[in-house]
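As provided, data-v7.cif (mmCIF, C-alpha atoms) reads as follows.
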```
data_entry
#
loop_
_atom_site.group_PDB
_atom_site.id
_atom_site.type_symbol
_atom_site.label_atom_id
_atom_site.label_comp_id
_atom_site.auth_asym_id
_atom_site.auth_seq_id
_atom_site.Cartn_x
_atom_site.Cartn_y
_atom_site.Cartn_z
ATOM 1 C CA MET A 1 6.782 36.051 6.553
ATOM 2 C CA SER A 2 10.550 36.255 6.456
ATOM 3 C CA MET A 3 12.597 33.366 5.093
ATOM 4 C CA PRO A 4 15.783 31.939 6.605
ATOM 5 C CA SER A 5 19.155 33.134 5.350
ATOM 6 C CA ALA A 6 21.476 30.812 3.427
ATOM 7 C CA PRO A 7 23.449 29.667 5.300
ATOM 8 C CA ALA A 8 21.290 30.076 8.382
ATOM 9 C CA GLU A 9 22.350 32.899 10.678
ATOM 10 C CA ALA A 10 19.456 32.667 13.143
ATOM 11 C CA PRO A 11 16.964 29.960 14.145
ATOM 12 C CA TRP A 12 13.943 29.788 11.800
ATOM 13 C CA GLU A 13 10.917 27.490 11.953
ATOM 14 C CA LEU A 14 7.561 27.123 10.269
ATOM 15 C CA SER A 15 4.917 24.589 11.275
ATOM 16 C CA LEU A 16 1.465 23.877 9.915
ATOM 17 C CA ALA A 17 -0.130 25.526 12.977
ATOM 18 C CA GLY A 18 2.096 28.584 12.619
ATOM 19 C CA TYR A 19 1.215 28.930 8.971
ATOM 20 C CA LEU A 20 -2.524 28.567 9.646
ATOM 21 C CA ARG A 21 -2.314 31.218 12.374
ATOM 22 C CA GLN A 22 -0.677 33.638 9.923
ATOM 23 C CA THR A 23 -3.108 33.012 7.060
ATOM 24 C CA THR A 24 -6.439 32.975 8.893
ATOM 25 C CA ASP A 25 -8.642 35.805 10.149
ATOM 26 C CA LEU A 26 -10.380 33.789 12.856
ATOM 27 C CA PRO A 27 -10.332 34.974 16.485
ATOM 28 C CA ALA A 28 -7.732 33.557 18.858
ATOM 29 C CA LEU A 29 -10.306 31.328 20.609
ATOM 30 C CA ALA A 30 -11.151 29.567 17.344
ATOM 31 C CA LEU A 31 -7.453 28.962 16.743
ATOM 32 C CA LYS A 32 -6.839 27.478 20.208
ATOM 33 C CA PRO A 33 -6.839 23.829 18.952
ATOM 34 C CA LEU A 34 -3.829 24.732 16.810
ATOM 35 C CA SER A 35 -1.648 24.869 19.932
ATOM 36 C CA LEU A 36 -1.783 21.061 19.940
ATOM 37 C CA LEU A 37 -0.120 21.092 16.515
ATOM 38 C CA SER A 38 2.534 23.679 17.352
ATOM 39 C CA ARG A 39 5.498 21.614 16.106
ATOM 40 C CA TYR A 40 3.619 19.319 13.709
ATOM 41 C CA GLY A 41 4.871 19.550 10.147
ATOM 42 C CA ALA A 42 7.645 21.880 11.221
ATOM 43 C CA VAL A 43 10.765 22.505 9.248
ATOM 44 C CA ALA A 44 13.474 24.179 11.307
ATOM 45 C CA VAL A 45 16.922 25.454 10.432
ATOM 46 C CA GLY A 46 19.418 27.499 12.349
ATOM 47 C CA PRO A 47 23.150 27.911 12.788
ATOM 48 C CA GLU A 48 23.216 25.247 15.530
ATOM 49 C CA THR A 49 20.356 22.806 14.766
ATOM 50 C CA VAL A 50 18.156 21.443 11.980
ATOM 51 C CA GLY A 51 15.012 19.315 12.106
ATOM 52 C CA PHE A 52 11.552 18.242 11.059
ATOM 53 C CA ASP A 53 8.307 17.781 13.011
ATOM 54 C CA GLY A 54 9.665 19.144 16.270
ATOM 55 C CA ASP A 55 12.717 16.861 16.355
ATOM 56 C CA ASP A 56 15.889 18.911 16.090
ATOM 57 C CA VAL A 57 19.437 17.610 15.843
ATOM 58 C CA PRO A 58 22.695 19.573 16.254
ATOM 59 C CA TRP A 59 24.458 20.196 12.934
ATOM 60 C CA GLU A 60 27.634 18.568 14.291
ATOM 61 C CA LYS A 61 25.769 15.225 14.367
ATOM 62 C CA VAL A 62 24.432 15.530 10.814
ATOM 63 C CA VAL A 63 26.124 13.215 8.292
ATOM 64 C CA ARG A 64 24.230 14.231 5.127
ATOM 65 C CA LEU A 65 21.059 15.696 3.682
ATOM 66 C CA GLU A 66 19.189 13.768 1.008
ATOM 67 C CA VAL A 67 17.485 15.928 -1.614
ATOM 68 C CA ARG A 68 14.621 14.586 -3.742
ATOM 69 C CA ASP A 69 11.854 15.990 -5.879
ATOM 70 C CA VAL A 70 8.660 16.740 -3.960
ATOM 71 C CA VAL A 71 6.663 14.433 -6.277
ATOM 72 C CA GLU A 72 8.752 11.538 -4.911
ATOM 73 C CA VAL A 73 7.957 12.510 -1.317
ATOM 74 C CA VAL A 74 4.278 13.574 -1.398
ATOM 75 C CA SER A 75 1.656 11.070 -2.596
ATOM 76 C CA ASP A 76 -2.079 10.530 -2.140
ATOM 77 C CA ALA A 77 -1.292 7.902 0.492
ATOM 78 C CA ALA A 78 1.022 10.339 2.300
ATOM 79 C CA MET A 79 -1.738 12.992 2.272
ATOM 80 C CA ALA A 80 -4.233 10.508 3.749
ATOM 81 C CA ARG A 81 -1.731 9.570 6.483
ATOM 82 C CA GLU A 82 -1.240 13.253 7.260
ATOM 83 C CA ALA A 83 -4.991 13.812 7.684
ATOM 84 C CA GLU A 84 -5.235 10.872 10.082
ATOM 85 C CA LYS A 85 -2.132 11.999 11.971
ATOM 86 C CA ILE A 86 -3.555 15.503 12.445
ATOM 87 C CA ARG A 87 -6.945 14.096 13.509
ATOM 88 C CA SER A 88 -5.321 11.759 16.071
ATOM 89 C CA MET A 89 -3.297 14.609 17.603
ATOM 90 C CA LEU A 90 -6.402 16.643 18.422
ATOM 91 C CA PRO A 91 -8.917 15.792 21.143
ATOM 92 C CA PRO A 92 -12.542 15.276 20.037
ATOM 93 C CA VAL A 93 -13.614 18.838 20.853
ATOM 94 C CA PRO A 94 -15.420 21.534 18.892
ATOM 95 C CA GLY A 95 -13.082 22.975 16.267
ATOM 96 C CA ARG A 96 -11.253 19.714 15.533
ATOM 97 C CA LYS A 97 -13.002 19.118 12.212
ATOM 98 C CA TRP A 98 -12.346 22.732 11.197
ATOM 99 C CA VAL A 99 -8.621 22.392 11.958
ATOM 100 C CA VAL A 100 -8.308 19.097 10.047
ATOM 101 C CA ASP A 101 -10.348 20.414 7.094
ATOM 102 C CA HIS A 102 -8.341 23.644 6.885
ATOM 103 C CA ALA A 103 -5.022 21.864 7.305
ATOM 104 C CA MET A 104 -5.811 19.412 4.514
ATOM 105 C CA ALA A 105 -7.202 22.172 2.272
ATOM 106 C CA LEU A 106 -3.999 24.124 2.806
ATOM 107 C CA LEU A 107 -1.874 21.068 2.020
ATOM 108 C CA GLY A 108 -3.978 20.420 -1.083
ATOM 109 C CA ASP A 109 -3.699 24.042 -2.233
ATOM 110 C CA ILE A 110 0.060 23.973 -1.843
ATOM 111 C CA ALA A 111 0.516 20.444 -3.225
ATOM 112 C CA GLY A 112 -1.800 20.672 -6.229
ATOM 113 C CA PRO A 113 0.275 22.872 -8.524
ATOM 114 C CA ARG A 114 3.492 21.037 -7.652
ATOM 115 C CA LEU A 115 2.260 17.463 -7.958
ATOM 116 C CA THR A 116 0.720 17.905 -11.417
ATOM 117 C CA LYS A 117 4.150 18.647 -12.901
ATOM 118 C CA ALA A 118 6.797 16.120 -13.870
ATOM 119 C CA ARG A 119 9.078 17.904 -11.402
ATOM 120 C CA GLY A 120 7.587 19.763 -8.478
ATOM 121 C CA GLY A 121 10.744 21.165 -6.922
ATOM 122 C CA ASP A 122 13.655 19.821 -4.905
ATOM 123 C CA VAL A 123 13.229 19.310 -1.165
ATOM 124 C CA VAL A 124 15.429 17.981 1.637
ATOM 125 C CA SER A 125 13.610 14.716 2.246
ATOM 126 C CA VAL A 126 15.919 13.083 4.814
ATOM 127 C CA ILE A 127 18.402 14.253 7.419
ATOM 128 C CA VAL A 128 20.936 11.508 8.228
ATOM 129 C CA TYR A 129 22.669 11.973 11.570
ATOM 130 C CA ARG A 130 24.667 10.071 14.191
ATOM 131 C CA GLY A 131 22.694 8.808 17.166
ATOM 132 C CA MET A 132 23.916 8.323 20.733
ATOM 133 C CA LEU A 133 25.963 5.196 19.925
ATOM 134 C CA GLY A 134 27.327 6.604 16.679
ATOM 135 C CA ARG A 135 24.886 4.719 14.469
ATOM 136 C CA GLU A 136 23.302 6.501 11.544
ATOM 137 C CA LYS A 137 19.691 7.516 12.111
ATOM 138 C CA THR A 138 17.301 9.284 9.803
ATOM 139 C CA MET A 139 14.735 12.030 10.172
ATOM 140 C CA GLN A 140 12.215 12.259 7.321
ATOM 141 C CA ALA A 141 10.457 15.394 6.155
ATOM 142 C CA GLY A 142 6.682 15.133 6.383
ATOM 143 C CA VAL A 143 4.220 16.347 3.792
ATOM 144 C CA PHE A 144 3.963 19.915 5.119
ATOM 145 C CA ALA A 145 7.723 20.361 5.548
ATOM 146 C CA SER A 146 8.273 19.053 2.012
ATOM 147 C CA LEU A 147 5.650 21.379 0.592
ATOM 148 C CA VAL A 148 7.156 24.354 2.452
ATOM 149 C CA MET A 149 10.522 23.644 0.818
ATOM 150 C CA ALA A 150 8.936 23.191 -2.636
ATOM 151 C CA THR A 151 6.871 26.376 -2.276
ATOM 152 C CA TRP A 152 9.607 28.558 -0.798
ATOM 153 C CA PRO A 153 12.976 27.380 -2.189
ATOM 154 C CA ASP A 154 14.761 29.745 0.232
ATOM 155 C CA VAL A 155 13.926 27.271 3.029
ATOM 156 C CA ARG A 156 15.526 24.340 1.204
ATOM 157 C CA ARG A 157 18.426 26.559 0.136
ATOM 158 C CA SER A 158 19.038 27.532 3.778
ATOM 159 C CA LEU A 159 19.166 23.856 4.777
ATOM 160 C CA THR A 160 21.518 22.826 1.967
ATOM 161 C CA GLU A 161 23.790 25.880 2.172
ATOM 162 C CA THR A 162 24.080 25.608 5.964
ATOM 163 C CA ALA A 163 25.057 21.944 5.518
ATOM 164 C CA ARG A 164 27.618 22.796 2.837
ATOM 165 C CA ALA A 165 29.082 25.588 4.988
ATOM 166 C CA ARG A 166 29.652 22.936 7.659
ATOM 167 C CA GLU A 167 31.140 20.540 5.043
ATOM 168 C CA ILE A 168 28.187 18.155 5.367
ATOM 169 C CA GLU A 169 27.329 16.059 2.326
ATOM 170 C CA VAL A 170 24.233 17.060 0.341
ATOM 171 C CA ASP A 171 23.019 14.218 -1.909
ATOM 172 C CA ALA A 172 21.864 15.481 -5.280
ATOM 173 C CA PRO A 173 18.385 14.624 -6.547
ATOM 174 C CA ARG A 174 18.007 11.481 -8.634
ATOM 175 C CA HIS A 175 16.967 13.406 -11.744
ATOM 176 C CA GLY A 176 20.578 14.175 -12.452
ATOM 177 C CA GLY A 177 22.818 16.574 -10.455
ATOM 178 C CA PRO A 178 21.902 19.809 -8.792
ATOM 179 C CA GLY A 179 20.299 22.325 -11.066
ATOM 180 C CA PRO A 180 19.780 26.026 -10.616
ATOM 181 C CA ALA A 181 17.422 25.377 -7.694
ATOM 182 C CA LEU A 182 20.322 24.020 -5.600
ATOM 183 C CA GLU A 183 22.904 26.680 -6.402
ATOM 184 C CA ALA A 184 24.010 29.067 -3.698
ATOM 185 C CA SER A 185 22.321 32.421 -3.514
ATOM 186 C CA GLY A 186 22.398 35.572 -1.460
ATOM 187 C CA PRO A 187 20.281 36.380 1.577
ATOM 188 C CA ALA A 188 16.656 35.327 1.461
ATOM 189 C CA ASP A 189 13.964 37.848 0.638
ATOM 190 C CA THR A 190 10.936 38.550 2.736
ATOM 191 C CA ILE A 191 7.807 36.933 1.336
ATOM 192 C CA ALA A 192 4.294 38.079 2.079
ATOM 193 C CA ILE A 193 1.627 35.409 2.310
ATOM 194 C CA SER A 194 -1.663 36.129 0.635
ATOM 195 C CA GLU A 195 -4.748 33.992 0.457
#
```

Using C-alpha coordinates, write down the structure that the file contains.
Amino acid sequence: MSMPSAPAEAPWELSLAGYLRQTTDLPALALKPLSLLSRYGAVAVGPETVGFDGDDVPWEKVVRLEVRDVVEVVSDAAMAREAEKIRSMLPPVPGRKWVVDHAMALLGDIAGPRLTKARGGDVVSVIVYRGMLGREKTMQAGVFASLVMATWPDVRRSLTETARAREIEVDAPRHGGPGPALEASGPADTIAISE
(Lines of atoms letter the chains of each structure in order from A and count residues from 1; the text may use other names and numbers.)
(Lines give C-alpha, C1' and ligand atoms only; values in the text may rest on other atoms or scores of the structure.)
Protein backbone atom coordinates (compact mmCIF):
# COMPACT_ATOMS: atom_id res chain seq x y z
CA MET A 1 0.00 0.00 0.00
CA SER A 2 1.50 3.31 -1.02
CA MET A 3 1.38 6.28 1.33
CA PRO A 4 0.54 9.87 0.40
CA SER A 5 3.33 12.32 -0.36
CA ALA A 6 4.05 15.26 1.95
CA PRO A 7 2.70 17.66 0.88
CA ALA A 8 0.04 15.76 -1.02
CA GLU A 9 0.54 15.69 -4.78
CA ALA A 10 -2.34 13.35 -5.63
CA PRO A 11 -5.59 12.32 -3.92
CA TRP A 12 -5.09 9.50 -1.39
CA GLU A 13 -7.68 7.75 0.79
CA LEU A 14 -7.88 4.75 3.07
CA SER A 15 -11.08 3.51 4.71
CA LEU A 16 -11.76 0.59 7.01
CA ALA A 17 -13.45 -1.32 4.16
CA GLY A 18 -10.52 -0.63 1.83
CA TYR A 19 -8.05 -1.84 4.40
CA LEU A 20 -10.04 -5.01 5.11
CA ARG A 21 -10.25 -5.75 1.38
CA GLN A 22 -6.46 -5.47 1.10
CA THR A 23 -5.67 -7.61 4.15
CA THR A 24 -8.14 -10.47 3.72
CA ASP A 25 -8.03 -13.57 1.53
CA LEU A 26 -11.79 -14.09 1.38
CA PRO A 27 -13.59 -14.28 -1.98
CA ALA A 28 -15.24 -11.17 -3.38
CA LEU A 29 -18.75 -12.42 -2.49
CA ALA A 30 -17.83 -12.67 1.20
CA LEU A 31 -16.50 -9.12 1.08
CA LYS A 32 -19.65 -7.69 -0.54
CA PRO A 33 -21.03 -6.23 2.76
CA LEU A 34 -17.92 -4.05 2.91
CA SER A 35 -19.27 -1.92 0.06
CA LEU A 36 -21.69 -0.43 2.61
CA LEU A 37 -18.68 0.82 4.59
CA SER A 38 -16.75 2.18 1.61
CA ARG A 39 -16.12 5.64 3.11
CA TYR A 40 -16.51 4.74 6.79
CA GLY A 41 -13.42 5.52 8.84
CA ALA A 42 -11.77 7.11 5.84
CA VAL A 43 -8.92 9.53 6.03
CA ALA A 44 -8.39 11.41 2.79
CA VAL A 45 -5.79 13.92 1.69
CA GLY A 46 -5.00 15.45 -1.65
CA PRO A 47 -3.76 18.68 -3.17
CA GLU A 48 -7.32 20.06 -3.37
CA THR A 49 -9.29 18.46 -0.49
CA VAL A 50 -8.93 16.85 2.93
CA GLY A 51 -11.43 14.92 5.05
CA PHE A 52 -12.56 12.17 7.37
CA ASP A 53 -15.35 9.58 7.12
CA GLY A 54 -16.32 10.46 3.57
CA ASP A 55 -16.74 14.19 4.24
CA ASP A 56 -14.18 16.17 2.27
CA VAL A 57 -13.59 19.90 2.41
CA PRO A 58 -11.53 22.05 0.00
CA TRP A 59 -8.19 23.14 1.49
CA GLU A 60 -9.06 26.79 0.80
CA LYS A 61 -11.83 26.53 3.43
CA VAL A 62 -9.60 24.93 6.07
CA VAL A 63 -8.68 27.26 8.96
CA ARG A 64 -6.48 24.89 11.00
CA LEU A 65 -5.65 21.30 11.86
CA GLU A 66 -5.61 20.24 15.50
CA VAL A 67 -3.02 17.60 16.35
CA ARG A 68 -3.35 15.42 19.47
CA ASP A 69 -1.93 12.18 20.75
CA VAL A 70 -3.93 9.11 19.71
CA VAL A 71 -4.42 8.12 23.38
CA GLU A 72 -6.45 11.33 23.80
CA VAL A 73 -8.65 10.46 20.81
CA VAL A 74 -9.21 6.68 21.10
CA SER A 75 -10.83 5.29 24.27
CA ASP A 76 -12.78 2.17 25.24
CA ALA A 77 -15.99 4.19 24.92
CA ALA A 78 -14.95 5.38 21.45
CA MET A 79 -14.24 1.76 20.41
CA ALA A 80 -17.69 0.66 21.64
CA ARG A 81 -19.33 3.52 19.70
CA GLU A 82 -17.42 2.46 16.59
CA ALA A 83 -18.67 -1.14 16.87
CA GLU A 84 -22.27 0.06 17.18
CA LYS A 85 -21.82 2.52 14.31
CA ILE A 86 -20.47 -0.21 12.02
CA ARG A 87 -23.27 -2.60 13.06
CA SER A 88 -25.96 0.04 12.38
CA MET A 89 -24.57 0.77 8.90
CA LEU A 90 -24.96 -2.84 7.77
CA PRO A 91 -28.27 -4.55 7.04
CA PRO A 92 -29.07 -7.69 9.08
CA VAL A 93 -27.81 -10.10 6.43
CA PRO A 94 -25.38 -13.02 6.49
CA GLY A 95 -21.83 -11.70 6.80
CA ARG A 96 -22.71 -8.73 9.01
CA LYS A 97 -21.34 -10.29 12.19
CA TRP A 98 -18.16 -11.30 10.36
CA VAL A 99 -17.62 -7.74 9.10
CA VAL A 100 -18.21 -6.20 12.55
CA ASP A 101 -16.02 -8.81 14.28
CA HIS A 102 -13.17 -8.38 11.79
CA ALA A 103 -13.42 -4.60 11.83
CA MET A 104 -13.25 -4.48 15.62
CA ALA A 105 -10.44 -7.06 15.73
CA LEU A 106 -8.50 -4.96 13.26
CA LEU A 107 -9.10 -1.80 15.29
CA GLY A 108 -8.05 -3.65 18.45
CA ASP A 109 -4.90 -5.02 16.80
CA ILE A 110 -3.91 -1.56 15.61
CA ALA A 111 -4.97 0.24 18.81
CA GLY A 112 -3.52 -2.16 21.37
CA PRO A 113 0.18 -1.38 21.01
CA ARG A 114 -0.46 2.36 20.79
CA LEU A 115 -2.88 2.74 23.68
CA THR A 116 -0.71 0.91 26.22
CA LYS A 117 1.98 3.59 25.91
CA ALA A 118 2.02 6.98 27.60
CA ARG A 119 2.18 8.46 24.10
CA GLY A 120 0.75 6.54 21.18
CA GLY A 121 1.62 8.91 18.35
CA ASP A 122 0.38 12.25 17.08
CA VAL A 123 -2.72 12.35 14.88
CA VAL A 124 -4.75 15.10 13.22
CA SER A 125 -7.83 14.89 15.41
CA VAL A 126 -9.85 17.85 14.09
CA ILE A 127 -10.10 19.78 10.84
CA VAL A 128 -11.49 23.29 11.44
CA TYR A 129 -12.95 24.90 8.34
CA ARG A 130 -15.28 27.70 7.23
CA GLY A 131 -18.85 26.67 6.46
CA MET A 132 -21.23 28.23 3.95
CA LEU A 133 -21.89 31.35 6.07
CA GLY A 134 -18.26 31.75 7.09
CA ARG A 135 -18.72 30.18 10.52
CA GLU A 136 -16.11 27.79 11.81
CA LYS A 137 -17.13 24.14 11.65
CA THR A 138 -15.24 21.06 12.72
CA MET A 139 -14.69 17.61 11.29
CA GLN A 140 -13.41 15.03 13.80
CA ALA A 141 -11.26 12.03 13.00
CA GLY A 142 -12.89 8.75 13.96
CA VAL A 143 -11.17 5.83 15.61
CA PHE A 144 -9.98 4.18 12.39
CA ALA A 145 -8.70 7.42 10.84
CA SER A 146 -6.83 8.21 14.06
CA LEU A 147 -5.30 4.76 14.19
CA VAL A 148 -4.24 4.99 10.53
CA MET A 149 -2.36 8.22 11.30
CA ALA A 150 -0.76 6.73 14.44
CA THR A 151 0.24 3.54 12.61
CA TRP A 152 1.51 5.19 9.43
CA PRO A 153 2.92 8.63 10.34
CA ASP A 154 3.30 9.42 6.61
CA VAL A 155 -0.49 9.92 6.48
CA ARG A 156 -0.47 12.47 9.30
CA ARG A 157 2.67 14.07 7.86
CA SER A 158 0.92 14.47 4.49
CA LEU A 159 -2.02 16.22 6.17
CA THR A 160 0.14 18.58 8.25
CA GLU A 161 2.67 19.35 5.51
CA THR A 162 -0.06 20.00 2.93
CA ALA A 163 -1.68 22.40 5.42
CA ARG A 164 1.62 24.16 6.11
CA ALA A 165 2.35 24.46 2.37
CA ARG A 166 -0.98 26.29 2.09
CA GLU A 167 -0.11 28.46 5.15
CA ILE A 168 -2.84 26.82 7.24
CA GLU A 169 -2.30 26.71 10.99
CA VAL A 170 -1.35 23.35 12.52
CA ASP A 171 -1.95 23.30 16.29
CA ALA A 172 0.80 21.48 18.13
CA PRO A 173 -0.05 18.60 20.48
CA ARG A 174 -0.66 19.44 24.12
CA HIS A 175 2.36 17.47 25.31
CA GLY A 176 4.59 20.35 24.39
CA GLY A 177 5.45 21.50 20.83
CA PRO A 178 5.97 19.42 17.75
CA GLY A 179 8.57 16.75 18.10
CA PRO A 180 10.37 14.75 15.47
CA ALA A 181 7.10 13.10 14.43
CA LEU A 182 5.79 16.45 13.11
CA GLU A 183 8.90 17.59 11.27
CA ALA A 184 8.86 17.78 7.50
CA SER A 185 10.22 14.85 5.58
CA GLY A 186 10.76 13.73 2.03
CA PRO A 187 8.39 11.69 -0.12
CA ALA A 188 6.56 8.86 1.58
CA ASP A 189 7.77 5.30 1.18
CA THR A 190 5.68 2.42 0.00
CA ILE A 191 4.57 0.18 2.85
CA ALA A 192 3.54 -3.43 2.45
CA ILE A 193 0.80 -4.69 4.73
CA SER A 194 1.28 -8.09 6.27
CA GLU A 195 -0.99 -9.98 8.59

Item to complete: Using the chain letters and residue numbers of this document, give as JSON, numbers by chain the residues selected by the PyMOL selection byres ((chain A and resi 62-74) around 6).
Response: {"A": [59, 60, 61, 75, 78, 115, 120, 121, 122, 123, 124, 125, 126, 127, 128, 129, 143, 168, 169, 170, 171, 172, 173]}

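Minimum distance to Gly41 (chain A) across A:Gln140, A:Ser88, A:Ser2, A:Gln22 (counting all atoms listed in the file) occurs at A:Gln140.
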
Discussion item. What's the separation between CA of Asp109 (chain A) and CA of Glu84 (chain A), in Å to one decimal place?
Written reply: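 Calculated distance between CA of Asp109 (chain A) and CA of Glu84 (chain A) is 18.1 Å.
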
Discussion item. Around the point (-7.1, 13.3, 8.5) (coordinates from the file), which residues reach within 12 Å if we count only C-alpha atoms? Answer as a VMD selection string.
Written reply: chain A and resid 77 to 90 96 to 105 107

Item to complete: Counting only C-alpha atoms, figure out which residue out of A:Gly108, A:Thr49, A:Ala145, A:Lys137 gets nearest to Ala17 (chain A).
Response: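 Selected residue with least distance to Ala17 (chain A): A:Ala145.
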
Worksheet entry | Pick from A:Pro91, A:Leu14, A:Pro47, A:Ala163, whichever lies nearest to Val148 (chain A) using all atoms listed in the file |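 Ranked by minimum distance to Val148 (chain A), first place goes to A:Leu14.
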
Worksheet item: In Å to one decimal, how far is CA of Tyr40 (chain A) from CA of Leu16 (chain A)?
Response: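 For CA of Leu16 (chain A) relative to CA of Tyr40 (chain A), the distance reads 6.3 Å.
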
Discussion item. Given the PyMOL selection byres ((chain A and resi 7) around 8) and the file above, list the residues it selects as JSON, numbers by chain.
Written reply: {"A": [5, 6, 8, 9, 47, 157, 158, 159, 160, 161, 162, 163, 165]}

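The space separating CA of Ala44 (chain A) from CA of Val93 (chain A) comes to 29.2 Å.
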
Since the input is missing atoms for region 140-161 of chain A, could you rebuild it with N, CA and C atoms and give the result as a PDB file, in the frame of the given file?
```pdb
ATOM      1  N   GLN A 140      12.862  12.025   8.606  1.00  0.00           N
ATOM      2  CA  GLN A 140      12.215  12.259   7.321  1.00  0.00           C
ATOM      3  C   GLN A 140      11.320  13.484   7.363  1.00  0.00           C
ATOM      4  N   ALA A 141      11.351  14.243   6.282  1.00  0.00           N
ATOM      5  CA  ALA A 141      10.457  15.394   6.155  1.00  0.00           C
ATOM      6  C   ALA A 141       9.041  14.891   5.915  1.00  0.00           C
ATOM      7  N   GLY A 142       8.079  15.470   6.613  1.00  0.00           N
ATOM      8  CA  GLY A 142       6.682  15.133   6.383  1.00  0.00           C
ATOM      9  C   GLY A 142       6.138  15.897   5.193  1.00  0.00           C
ATOM     10  N   VAL A 143       4.867  15.708   4.935  1.00  0.00           N
ATOM     11  CA  VAL A 143       4.220  16.347   3.792  1.00  0.00           C
ATOM     12  C   VAL A 143       4.320  17.864   3.882  1.00  0.00           C
ATOM     13  N   PHE A 144       3.951  18.458   5.024  1.00  0.00           N
ATOM     14  CA  PHE A 144       3.963  19.915   5.119  1.00  0.00           C
ATOM     15  C   PHE A 144       5.369  20.470   4.972  1.00  0.00           C
ATOM     16  N   ALA A 145       6.343  19.884   5.651  1.00  0.00           N
ATOM     17  CA  ALA A 145       7.723  20.361   5.548  1.00  0.00           C
ATOM     18  C   ALA A 145       8.211  20.278   4.103  1.00  0.00           C
ATOM     19  N   SER A 146       7.876  19.198   3.414  1.00  0.00           N
ATOM     20  CA  SER A 146       8.273  19.053   2.012  1.00  0.00           C
ATOM     21  C   SER A 146       7.629  20.122   1.144  1.00  0.00           C
ATOM     22  N   LEU A 147       6.350  20.373   1.386  1.00  0.00           N
ATOM     23  CA  LEU A 147       5.650  21.379   0.592  1.00  0.00           C
ATOM     24  C   LEU A 147       6.156  22.786   0.879  1.00  0.00           C
ATOM     25  N   VAL A 148       6.560  23.051   2.123  1.00  0.00           N
ATOM     26  CA  VAL A 148       7.156  24.354   2.452  1.00  0.00           C
ATOM     27  C   VAL A 148       8.425  24.553   1.626  1.00  0.00           C
ATOM     28  N   MET A 149       9.263  23.517   1.559  1.00  0.00           N
ATOM     29  CA  MET A 149      10.522  23.644   0.818  1.00  0.00           C
ATOM     30  C   MET A 149      10.283  23.766  -0.687  1.00  0.00           C
ATOM     31  N   ALA A 150       9.250  23.095  -1.204  1.00  0.00           N
ATOM     32  CA  ALA A 150       8.936  23.191  -2.636  1.00  0.00           C
ATOM     33  C   ALA A 150       8.330  24.552  -2.971  1.00  0.00           C
ATOM     34  N   THR A 151       7.536  25.095  -2.046  1.00  0.00           N
ATOM     35  CA  THR A 151       6.871  26.376  -2.276  1.00  0.00           C
ATOM     36  C   THR A 151       7.830  27.548  -2.102  1.00  0.00           C
ATOM     37  N   TRP A 152       8.651  27.498  -1.085  1.00  0.00           N
ATOM     38  CA  TRP A 152       9.607  28.558  -0.798  1.00  0.00           C
ATOM     39  C   TRP A 152      11.021  27.977  -0.862  1.00  0.00           C
ATOM     40  N   PRO A 153      11.634  27.969  -2.030  1.00  0.00           N
ATOM     41  CA  PRO A 153      12.976  27.380  -2.189  1.00  0.00           C
ATOM     42  C   PRO A 153      14.031  27.965  -1.253  1.00  0.00           C
ATOM     43  N   ASP A 154      13.803  29.167  -0.718  1.00  0.00           N
ATOM     44  CA  ASP A 154      14.761  29.745   0.232  1.00  0.00           C
ATOM     45  C   ASP A 154      14.909  28.874   1.475  1.00  0.00           C
ATOM     46  N   VAL A 155      13.861  28.151   1.852  1.00  0.00           N
ATOM     47  CA  VAL A 155      13.926  27.271   3.029  1.00  0.00           C
ATOM     48  C   VAL A 155      14.869  26.112   2.727  1.00  0.00           C
ATOM     49  N   ARG A 156      14.649  25.451   1.586  1.00  0.00           N
ATOM     50  CA  ARG A 156      15.526  24.340   1.204  1.00  0.00           C
ATOM     51  C   ARG A 156      16.953  24.833   1.009  1.00  0.00           C
ATOM     52  N   ARG A 157      17.096  25.989   0.378  1.00  0.00           N
ATOM     53  CA  ARG A 157      18.426  26.559   0.136  1.00  0.00           C
ATOM     54  C   ARG A 157      19.142  26.820   1.464  1.00  0.00           C
ATOM     55  N   SER A 158      18.427  27.295   2.466  1.00  0.00           N
ATOM     56  CA  SER A 158      19.038  27.532   3.778  1.00  0.00           C
ATOM     57  C   SER A 158      19.548  26.220   4.372  1.00  0.00           C
ATOM     58  N   LEU A 159      18.745  25.171   4.272  1.00  0.00           N
ATOM     59  CA  LEU A 159      19.166  23.856   4.777  1.00  0.00           C
ATOM     60  C   LEU A 159      20.423  23.371   4.055  1.00  0.00           C
ATOM     61  N   THR A 160      20.396  23.383   2.725  1.00  0.00           N
ATOM     62  CA  THR A 160      21.518  22.826   1.967  1.00  0.00           C
ATOM     63  C   THR A 160      22.770  23.687   2.086  1.00  0.00           C
ATOM     64  N   GLU A 161      22.618  25.014   2.073  1.00  0.00           N
ATOM     65  CA  GLU A 161      23.790  25.880   2.172  1.00  0.00           C
ATOM     66  C   GLU A 161      24.389  25.868   3.582  1.00  0.00           C
TER      67      GLU A 161
END
```
